[in-house]
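A.B. asks: Sharing entry02.cif, mmCIF, C-alpha atoms:
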data_data
loop_
_atom_site.label_atom_id
_atom_site.label_comp_id
_atom_site.auth_asym_id
_atom_site.auth_seq_id
_atom_site.Cartn_x
_atom_site.Cartn_y
_atom_site.Cartn_z
CA MET I 1 -126.03 -71.19 128.81
CA ASN I 2 -123.12 -73.56 129.29
CA ARG I 3 -120.57 -73.36 132.06
CA GLU I 4 -117.98 -71.59 129.94
CA ILE I 5 -120.31 -68.70 129.22
CA ILE I 6 -121.51 -68.47 132.79
CA GLU I 7 -117.93 -68.29 134.06
CA ARG I 8 -116.97 -65.61 131.54
CA LEU I 9 -119.98 -63.52 132.47
CA ALA I 10 -119.29 -64.02 136.16
CA ILE I 11 -115.73 -62.80 135.72
CA ASP I 12 -116.89 -59.78 133.78
CA SER I 13 -119.45 -59.11 136.48
CA ALA I 14 -116.83 -59.34 139.22
CA ALA I 15 -114.59 -57.03 137.24
CA GLY I 16 -117.40 -54.52 136.87
CA GLU I 17 -117.23 -54.75 133.10
CA LEU I 18 -120.83 -55.77 132.47
CA ASN I 19 -123.31 -53.03 131.68
CA GLU I 20 -126.39 -52.65 133.83
CA ASP I 21 -128.75 -54.56 131.55
CA ALA I 22 -126.41 -57.51 131.14
CA GLU I 23 -125.85 -57.60 134.88
CA THR I 24 -129.59 -57.72 135.52
CA LEU I 25 -130.14 -60.47 132.97
CA LEU I 26 -127.32 -62.55 134.40
CA GLN I 27 -128.76 -62.21 137.86
CA PHE I 28 -132.20 -63.35 136.65
CA TYR I 29 -130.63 -66.37 134.99
CA LEU I 30 -128.61 -67.31 138.05
CA ASP I 31 -131.66 -67.00 140.29
CA GLU I 32 -133.38 -69.66 138.24
CA HIS I 33 -130.41 -72.00 137.78
CA PRO I 34 -128.75 -73.12 141.01
CA LYS I 35 -126.08 -75.06 139.18
CA ALA I 36 -125.08 -71.96 137.22
CA THR I 37 -125.10 -70.00 140.47
CA GLN I 38 -122.58 -72.41 141.89
CA TRP I 39 -120.31 -72.11 138.84
CA ALA I 40 -120.51 -68.35 138.96
CA GLY I 41 -119.86 -68.37 142.71
CA ASP I 42 -116.74 -70.50 142.28
CA VAL I 43 -115.26 -68.31 139.64
CA ARG I 44 -116.11 -65.11 141.52
CA GLN I 45 -114.42 -66.52 144.58
CA MET I 46 -111.35 -67.33 142.53
CA TYR I 47 -111.40 -63.83 141.08
CA ASN I 48 -111.57 -62.25 144.52
CA GLN I 49 -108.88 -64.50 145.94
CA THR I 50 -106.55 -63.76 143.06
CA GLU I 51 -107.16 -60.05 143.46
CA THR I 52 -106.50 -60.29 147.21
CA ALA I 53 -103.33 -62.31 146.69
CA ILE I 54 -101.83 -59.99 144.12
CA GLN I 55 -102.75 -56.85 146.01
CA ALA I 56 -101.30 -58.34 149.19
CA LYS I 57 -98.04 -59.17 147.45
CA THR I 58 -97.78 -55.69 146.01
CA ALA I 59 -99.09 -53.97 149.13
CA TYR I 60 -95.85 -52.15 149.87
CA THR I 61 -96.48 -49.93 146.93
CA ASN I 62 -99.45 -48.30 148.49
CA VAL I 63 -97.84 -47.49 151.83
CA GLY I 64 -97.44 -43.75 151.36
CA GLN I 65 -96.00 -42.13 148.32
CA VAL I 66 -92.52 -43.20 147.49
CA VAL I 67 -90.46 -40.42 146.02
CA PRO I 68 -88.34 -41.49 143.07
CA LYS I 69 -84.64 -41.60 143.76
CA ILE I 70 -84.05 -39.05 141.03
CA SER I 71 -86.76 -36.76 139.81
CA PRO I 72 -87.20 -37.45 136.10
CA VAL I 73 -87.45 -33.75 135.36
CA LEU I 74 -84.25 -32.87 137.17
CA ARG I 75 -82.20 -35.83 136.06
CA LEU I 76 -78.95 -34.74 134.43
CA ARG I 77 -78.81 -35.39 130.75
CA TRP I 78 -75.35 -36.81 130.96
CA GLN I 79 -74.87 -37.82 127.34
CA PRO I 80 -74.55 -34.29 125.91
CA ALA I 81 -72.47 -33.29 128.92
CA ALA I 82 -70.19 -36.27 128.35
CA ARG I 83 -69.78 -35.32 124.70
CA TRP I 84 -68.77 -31.79 125.64
CA ALA I 85 -66.37 -33.05 128.27
CA ALA I 86 -64.80 -35.46 125.77
CA ALA I 87 -64.36 -32.65 123.24
CA ILE I 88 -62.69 -30.42 125.83
CA VAL I 89 -60.37 -33.18 127.00
CA PHE I 90 -59.46 -34.00 123.41
CA GLY I 91 -58.67 -30.34 122.70
CA LEU I 92 -56.50 -30.08 125.79
CA PHE I 93 -54.67 -33.25 124.81
CA ILE I 94 -53.97 -31.96 121.30
CA GLY I 95 -52.79 -28.61 122.65
CA PHE I 96 -50.54 -30.17 125.23
CA THR I 97 -49.07 -32.59 122.73
CA ALA I 98 -48.41 -29.87 120.18
CA GLY I 99 -46.71 -27.72 122.79
CA ARG I 100 -44.72 -30.55 124.23
CA TRP I 101 -43.28 -31.75 120.93
CA GLU I 102 -42.73 -28.42 119.19
CA ILE I 103 -39.30 -28.32 117.56
CA PRO I 104 -37.12 -25.59 119.12
CA PRO I 105 -35.20 -23.15 116.84
CA ARG I 106 -32.19 -24.89 115.40
CA THR I 107 -28.74 -23.69 116.08
CA PRO I 108 -26.80 -23.09 112.85
CA LYS I 109 -24.10 -25.63 112.31
CA THR I 110 -21.54 -22.97 111.49
CA LEU I 111 -21.28 -20.15 113.89
CA ILE I 112 -20.74 -16.74 112.50
CA GLN I 113 -17.78 -15.25 114.22
CA VAL I 114 -18.07 -11.58 114.64
CA SER I 115 -14.60 -10.43 115.40
CA SER I 116 -13.62 -7.14 116.72
CA PRO I 117 -10.74 -5.33 115.08
CA THR I 118 -7.50 -6.56 116.46
CA SER I 119 -5.21 -3.97 115.00
CA LYS I 120 -3.94 -1.43 117.29
CA PRO I 121 -5.33 2.05 116.91
CA VAL I 122 -3.23 4.30 114.79
CA GLU I 123 -1.55 6.82 116.99
CA ASN I 124 0.76 8.63 114.62
CA VAL I 125 -0.13 8.95 110.95
CA SER I 126 3.21 10.54 110.17
CA ASP I 127 4.99 7.27 111.04
CA LEU I 128 2.81 5.45 108.53
CA LYS I 129 3.50 8.06 105.88
CA GLU I 130 7.12 7.27 106.04
CA ARG I 131 6.47 3.61 105.45
CA TYR I 132 3.60 3.60 102.92
CA ALA I 133 3.67 6.91 101.11
CA GLY I 134 4.25 6.59 97.40
CA THR I 135 2.44 3.32 96.85
CA PHE I 136 -1.06 3.14 95.40
CA TRP I 137 -2.78 1.45 98.33
CA GLY I 138 -0.62 3.24 100.80
CA ASP I 139 -1.85 6.62 99.57
CA LYS I 140 -5.39 5.44 99.76
CA MET I 141 -4.94 4.25 103.32
CA LEU I 142 -3.28 7.39 104.44
CA ALA I 143 -6.00 9.51 102.85
CA MET I 144 -8.64 7.57 104.74
CA LEU I 145 -6.83 7.89 108.01
CA GLU I 146 -6.37 11.61 107.58
CA HIS I 147 -9.97 12.18 106.51
CA PRO I 148 -12.14 9.47 108.08
CA PRO I 149 -15.85 9.32 107.11
CA SER I 150 -18.00 11.40 109.39
CA ARG I 151 -20.26 9.70 112.02
CA GLY I 152 -23.23 11.56 110.74
CA ASN I 153 -23.04 9.88 107.39
CA ILE I 154 -22.90 6.43 108.94
CA ALA I 155 -25.91 7.16 111.11
CA ASP I 156 -27.82 8.32 108.03
CA LEU I 157 -26.89 5.14 106.26
CA ARG I 158 -28.11 3.05 109.18
CA ASP I 159 -31.40 4.91 109.34
CA THR I 160 -32.15 4.16 105.75
CA ARG I 161 -31.50 0.47 106.39
CA SER I 162 -32.88 0.13 109.87
CA TRP I 163 -34.39 -3.27 109.25
CA ASP I 164 -31.07 -4.66 108.09
CA ALA I 165 -29.39 -3.05 111.02
CA TYR I 166 -31.89 -4.57 113.40
CA LYS I 167 -31.41 -7.99 111.87
CA GLN I 168 -27.71 -7.66 112.23
CA TYR I 169 -28.17 -6.58 115.82
CA ARG I 170 -30.35 -9.60 116.59
CA LYS I 171 -27.91 -11.91 114.93
CA GLU I 172 -25.05 -10.61 116.96
CA LYS I 173 -27.10 -10.69 120.08
CA ASN I 174 -28.01 -14.30 119.57
CA HIS I 175 -24.44 -15.33 119.22
CA GLU I 176 -23.08 -13.47 122.16
CA MET V 177 -92.36 -25.30 136.97
CA SER V 178 -93.95 -25.47 133.52
CA ASN V 179 -97.47 -26.72 132.85
CA VAL V 180 -96.18 -29.99 131.44
CA GLN V 181 -94.06 -30.61 134.49
CA ARG V 182 -96.95 -29.82 136.82
CA GLU V 183 -99.28 -32.04 134.84
CA PHE V 184 -96.72 -34.83 134.76
CA LYS V 185 -96.07 -34.60 138.49
CA GLU V 186 -99.77 -34.86 139.23
CA PHE V 187 -100.04 -37.82 136.87
CA TRP V 188 -97.06 -39.49 138.49
CA THR V 189 -98.52 -39.00 141.98
CA ARG V 190 -101.74 -40.62 140.86
CA THR V 191 -100.25 -43.62 139.06
CA ALA V 192 -96.85 -44.37 140.62
CA GLY V 193 -98.23 -46.93 143.06
CA LYS V 194 -99.91 -48.91 140.33
CA VAL V 195 -96.88 -48.85 138.07
CA ARG V 196 -94.61 -50.01 140.86
CA ALA V 197 -97.00 -52.82 141.73
CA TYR V 198 -97.14 -53.88 138.11
CA MET V 199 -93.34 -53.88 137.90
CA PHE V 200 -93.03 -55.78 141.16
CA CYS V 201 -95.17 -58.56 139.69
CA ALA V 202 -92.45 -59.10 137.11
CA CYS V 203 -89.33 -59.01 139.26
CA GLU V 204 -90.54 -59.55 142.87
CA ASN V 205 -87.93 -57.08 144.02
CA TRP V 206 -88.76 -53.52 145.04
CA THR V 207 -85.38 -52.16 144.03
CA ASP V 208 -85.73 -53.43 140.50
CA ALA V 209 -89.40 -52.47 140.48
CA ASP V 210 -88.46 -48.89 141.36
CA ASP V 211 -85.79 -48.83 138.67
CA MET V 212 -88.23 -50.10 136.10
CA ALA V 213 -90.90 -47.65 137.22
CA GLN V 214 -88.45 -44.80 136.96
CA ASP V 215 -87.36 -45.91 133.51
CA CYS V 216 -91.00 -46.13 132.52
CA TYR V 217 -91.73 -42.58 133.71
CA LEU V 218 -88.67 -41.22 131.94
CA ARG V 219 -89.89 -42.76 128.71
CA ALA V 220 -93.36 -41.39 129.38
CA LEU V 221 -91.97 -37.91 129.99
CA ARG V 222 -90.01 -37.96 126.77
CA ALA V 223 -93.09 -39.09 124.84
CA TRP V 224 -95.49 -36.86 126.77
CA GLY V 225 -96.26 -34.69 123.78
CA GLN V 226 -96.84 -37.68 121.50
CA PHE V 227 -99.92 -38.89 123.38
CA ASP V 228 -102.63 -39.25 120.74
CA GLY V 229 -105.63 -39.27 123.07
CA LYS V 230 -107.09 -42.49 121.66
CA ALA V 231 -107.22 -44.01 125.12
CA SER V 232 -106.70 -42.69 128.62
CA ARG V 233 -103.32 -41.47 129.77
CA GLN V 234 -103.20 -44.36 132.19
CA ALA V 235 -103.67 -46.96 129.45
CA TRP V 236 -101.01 -45.18 127.40
CA LEU V 237 -98.65 -45.23 130.40
CA PHE V 238 -99.13 -48.95 130.96
CA GLY V 239 -98.33 -49.58 127.31
CA ILE V 240 -94.97 -47.96 128.03
CA ALA V 241 -94.71 -49.91 131.29
CA ARG V 242 -95.25 -53.18 129.47
CA ARG V 243 -92.47 -52.41 126.98
CA THR V 244 -90.20 -51.36 129.83
CA ARG V 245 -90.84 -54.67 131.53
CA VAL V 246 -90.09 -56.61 128.38
CA ASP V 247 -86.84 -54.68 127.89
CA TRP V 248 -85.90 -55.31 131.49
CA PHE V 249 -86.42 -59.06 131.08
CA ARG V 250 -84.33 -59.09 127.93
CA ARG V 251 -81.54 -57.19 129.63
CA LYS V 252 -81.59 -59.52 132.62
CA LYS V 253 -81.51 -62.49 130.32
CA ARG V 254 -78.50 -61.08 128.50
CA GLU V 255 -76.74 -60.44 131.78
CA GLY V 256 -77.60 -63.94 132.92
CA LEU V 257 -79.05 -62.72 136.17
CA VAL V 258 -81.68 -64.63 138.07
CA VAL V 259 -84.63 -62.67 139.37
CA HIS V 260 -84.79 -63.03 143.11
CA SER V 261 -87.30 -62.10 145.73
CA GLU V 262 -85.87 -60.11 148.58
CA ASN V 263 -89.06 -59.06 150.31
CA MET V 264 -90.72 -62.39 150.78
CA ASP V 265 -89.42 -62.80 154.31
CA ALA V 266 -90.61 -59.35 155.28
CA PHE V 267 -93.96 -60.06 153.73
CA ASP V 268 -94.32 -63.29 155.68
CA GLN V 269 -93.42 -61.53 158.89
CA VAL V 270 -95.96 -58.80 158.34
CA ASN V 271 -98.67 -61.25 157.40
CA SER V 272 -97.83 -63.95 159.89
CA GLY V 273 -100.70 -66.30 160.31
CA GLY V 274 -101.56 -69.48 158.67
CA SER V 275 -103.67 -70.51 155.81
CA LYS V 276 -104.42 -67.11 154.33
CA VAL V 277 -100.75 -66.45 153.70
CA ASN V 278 -100.31 -69.95 152.32
CA ARG V 279 -103.16 -69.43 149.95
CA ILE V 280 -101.80 -66.08 148.82
CA GLU V 281 -98.42 -67.67 148.18
CA LYS V 282 -100.01 -70.50 146.26
CA ILE V 283 -101.97 -68.16 144.04
CA TRP V 284 -98.92 -66.01 143.52
CA ASP V 285 -96.89 -69.05 142.49
CA VAL V 286 -99.56 -70.17 140.06
CA VAL V 287 -99.77 -66.69 138.52
CA LYS V 288 -96.00 -66.77 138.06
CA GLY V 289 -96.44 -70.05 136.21
CA LEU V 290 -98.93 -68.62 133.74
CA ASN V 291 -97.81 -67.84 130.24
CA ALA V 292 -96.75 -64.27 129.56
CA GLU V 293 -99.98 -63.25 127.84
CA GLN V 294 -102.19 -64.39 130.70
CA SER V 295 -99.95 -63.09 133.46
CA GLN V 296 -99.75 -59.68 131.77
CA VAL V 297 -103.52 -59.40 131.84
CA ILE V 298 -103.74 -60.61 135.43
CA HIS V 299 -101.06 -58.16 136.57
CA LEU V 300 -102.64 -55.23 134.76
CA ARG V 301 -106.05 -56.10 136.11
CA PHE V 302 -105.24 -56.88 139.72
CA ALA V 303 -102.01 -55.04 140.46
CA ALA V 304 -102.62 -51.94 138.36
CA GLY V 305 -106.41 -51.98 138.50
CA LEU V 306 -106.93 -51.25 134.82
CA SER V 307 -110.22 -51.79 133.02
CA TYR V 308 -110.52 -54.19 130.08
CA ALA V 309 -110.37 -51.31 127.62
CA GLN V 310 -107.25 -49.90 129.23
CA ILE V 311 -105.58 -53.31 129.28
CA ALA V 312 -106.47 -53.81 125.64
CA HIS V 313 -104.85 -50.50 124.76
CA ALA V 314 -101.77 -51.19 126.85
CA LEU V 315 -101.27 -54.61 125.27
CA ASP V 316 -102.43 -53.49 121.85
CA VAL V 317 -104.99 -56.30 121.54
CA PRO V 318 -108.80 -56.33 121.24
CA VAL V 319 -110.95 -56.24 124.38
CA GLY V 320 -112.27 -59.72 123.60
CA THR V 321 -108.72 -61.08 123.76
CA VAL V 322 -108.24 -59.50 127.17
CA ARG V 323 -111.45 -61.10 128.35
CA SER V 324 -110.38 -64.53 127.07
CA ARG V 325 -106.92 -64.34 128.59
CA LEU V 326 -108.27 -63.28 131.95
CA HIS V 327 -110.78 -66.09 131.90
CA ARG V 328 -108.21 -68.71 130.92
CA GLY V 329 -105.77 -67.41 133.50
CA LEU V 330 -108.30 -67.57 136.32
CA LYS V 331 -109.39 -71.00 135.20
CA HIS V 332 -105.80 -72.17 135.29
CA ILE V 333 -105.36 -70.74 138.79
CA ARG V 334 -108.53 -72.38 140.03
CA GLU V 335 -107.50 -75.75 138.66
CA HIS V 336 -104.13 -75.61 140.40
CA ILE V 337 -105.42 -74.22 143.66
CA GLY V 338 -108.11 -76.84 143.64
CA ASP V 339 -105.45 -79.54 143.25
CA TRP V 340 -103.51 -78.14 146.18
CA ASP V 341 -106.62 -77.87 148.31
CA ASN V 342 -107.35 -81.53 147.68
CA GLU V 343 -103.89 -82.60 148.77
CA PRO V 344 -103.73 -84.18 152.23
#
What does the file become when written as structure tokens?
C.D. replies:
Amino acid sequence: MNREIIERLAIDSAAGELNEDAETLLQFYLDEHPKATQWAGDVRQMYNQTETAIQAKTAYTNVGQVVPKISPVLRLRWQPAARWAAAIVFGLFIGFTAGRWEIPPRTPKTLIQVSSPTSKPVENVSDLKERYAGTFWGDKMLAMLEHPPSRGNIADLRDTRSWDAYKQYRKEKNHE
Amino acid sequence: MSNVQREFKEFWTRTAGKVRAYMFCACENWTDADDMAQDCYLRALRAWGQFDGKASRQAWLFGIARRTRVDWFRRKKREGLVVHSENMDAFDQVNSGGSKVNRIEKIWDVVKGLNAEQSQVIHLRFAAGLSYAQIAHALDVPVGTVRSRLHRGLKHIREHIGDWDNEP
């Protein structure tokens, strides 16, 4: 066997990768060939020295068991959490913006003036009779003053149109 | 704790030292080695159910470790960072004493100078203690290739150490 083969076999032997039969045969061969024994010895020495050197350099690893900084099992899966947080923040932003910039109810340009009657209350119908009796509209007015519409009728009217009455009430209320 | 978690924890306890040593060979920095090891175990945990059983769990794990190491190197290269060795002083203090330390340093330097294929095999063999078959599975190459790379790597080391030994 040439040197190359001897060295390969010696490395395999040092690594414990030769089966028992091959190991025995190699040993027989080396016993009979001193030169091959020297080659094998050199490469085995190199193998052992390399192993020693690398294990010495990485020796800190084997000093006790080093606990990982974060247990893989317990590590927070931050990506889904971040997505949820982003969605919540976005929703809050939209809600805040919508609330902040909502247009308030507009005030009508022309105000509706609800005036109260300014005429003085009629105290004496007979005085008016003297002035307006005999004319068409005067008779009408006098008849209304003498026989005003009953309150009950007005209340009935309002009940039948309660929604309109409520709207009118709100309108007046808003402009007070 | 579920069965998978218990099984994984036991596996981690058994292999963490080897993985860290393997990572340290790449970066020479225990902080980075721990980060890489942790990244490796996270990947292993995610892929725990995908183990096909063609090789041992350990060989499967070191396949993941190798890819983690490659990714780490790529990331460092992108970031333009230089790998530094922070524990060399501490190591020298612990192992104070002459020629043995010098020889260890020499061998270590030569191993660093090997090409990636050879150094991977050397690291997996000597730092992680994997068998040829396990290395072959981790690197996804035939066993004969592992044998050749180990042989060429050791030959290269011997040639360089021999040169140093012959220096005055």
A.B. asks: Return as an NGL selection string the set of residues that the PyMOL selection byres ((chain V) within 7 of (chain I)) yields on the displayed structure.
C.D. replies: :V and (193 or 196-197 or 200 or 214 or 218 or 280 or 283-284 or 302-303 or 327 or 330 or 334)
A.B. asks: Compare V:Pro318, V:Gly289, V:Gly225, V:Gly329 by their minimum atom-to-atom distance to V:Phe184, counting all atoms listed in the file, and give me the closest one.
C.D. replies: V:Gly225
A.B. asks: Atom CA of V:Lys194 and atom CA of V:Ala304, how far apart in Å?
C.D. replies: 4.5 Å
A.B. asks: Running the PyMOL selection byres ((chain V and resi 238) around 12) on this model by hand, what would come out? Give it as JSON, numbers by chain.
C.D. replies: {"V": [191, 192, 194, 195, 196, 197, 198, 199, 213, 216, 217, 219, 220, 231, 232, 233, 234, 235, 236, 237, 239, 240, 241, 242, 243, 244, 245, 296, 297, 299, 300, 301, 303, 304, 305, 306, 307, 309, 310, 311, 312, 313, 314, 315, 316]}
A.B. asks: Check the smallest atom-to-atom distance from each of V:Lys331, V:Trp188, V:Val180, V:Arg323 to V:Leu290 using all atoms listed in the file, then report the winner.
C.D. replies: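 Smallest separation from V:Leu290 among the options: V:Lys331.
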A.B. asks: One number please: atom CA of I:His33 to atom CA of I:Met1, in Å, one decimal.
C.D. replies: 10.0 Å
A.B. asks: Could you jot down the atom CA of V:Met212 to atom CA of V:Trp248 separation for me, Å, one decimal place?
C.D. replies: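 Separation between atom CA of V:Met212 and atom CA of V:Trp248: 7.3 Å.
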A.B. asks: Hey, what's within 10 Å of V:Lys282 if we count all atoms listed in the file and toss same-chain stuff fewer than 2 positions away? As a PyMOL selection string, please?
C.D. replies: (chain I and resi 50+53) or (chain V and resi 276-280+284-288+333+336-337+340)
A.B. asks: Check the smallest atom-to-atom distance from each of I:Leu26, I:Asn124, I:Gly91, I:Asp164 to I:Glu146 using all atoms listed in the file, then report the winner.
C.D. replies: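 Checking each candidate against I:Glu146, we get I:Asn124 as the closest.
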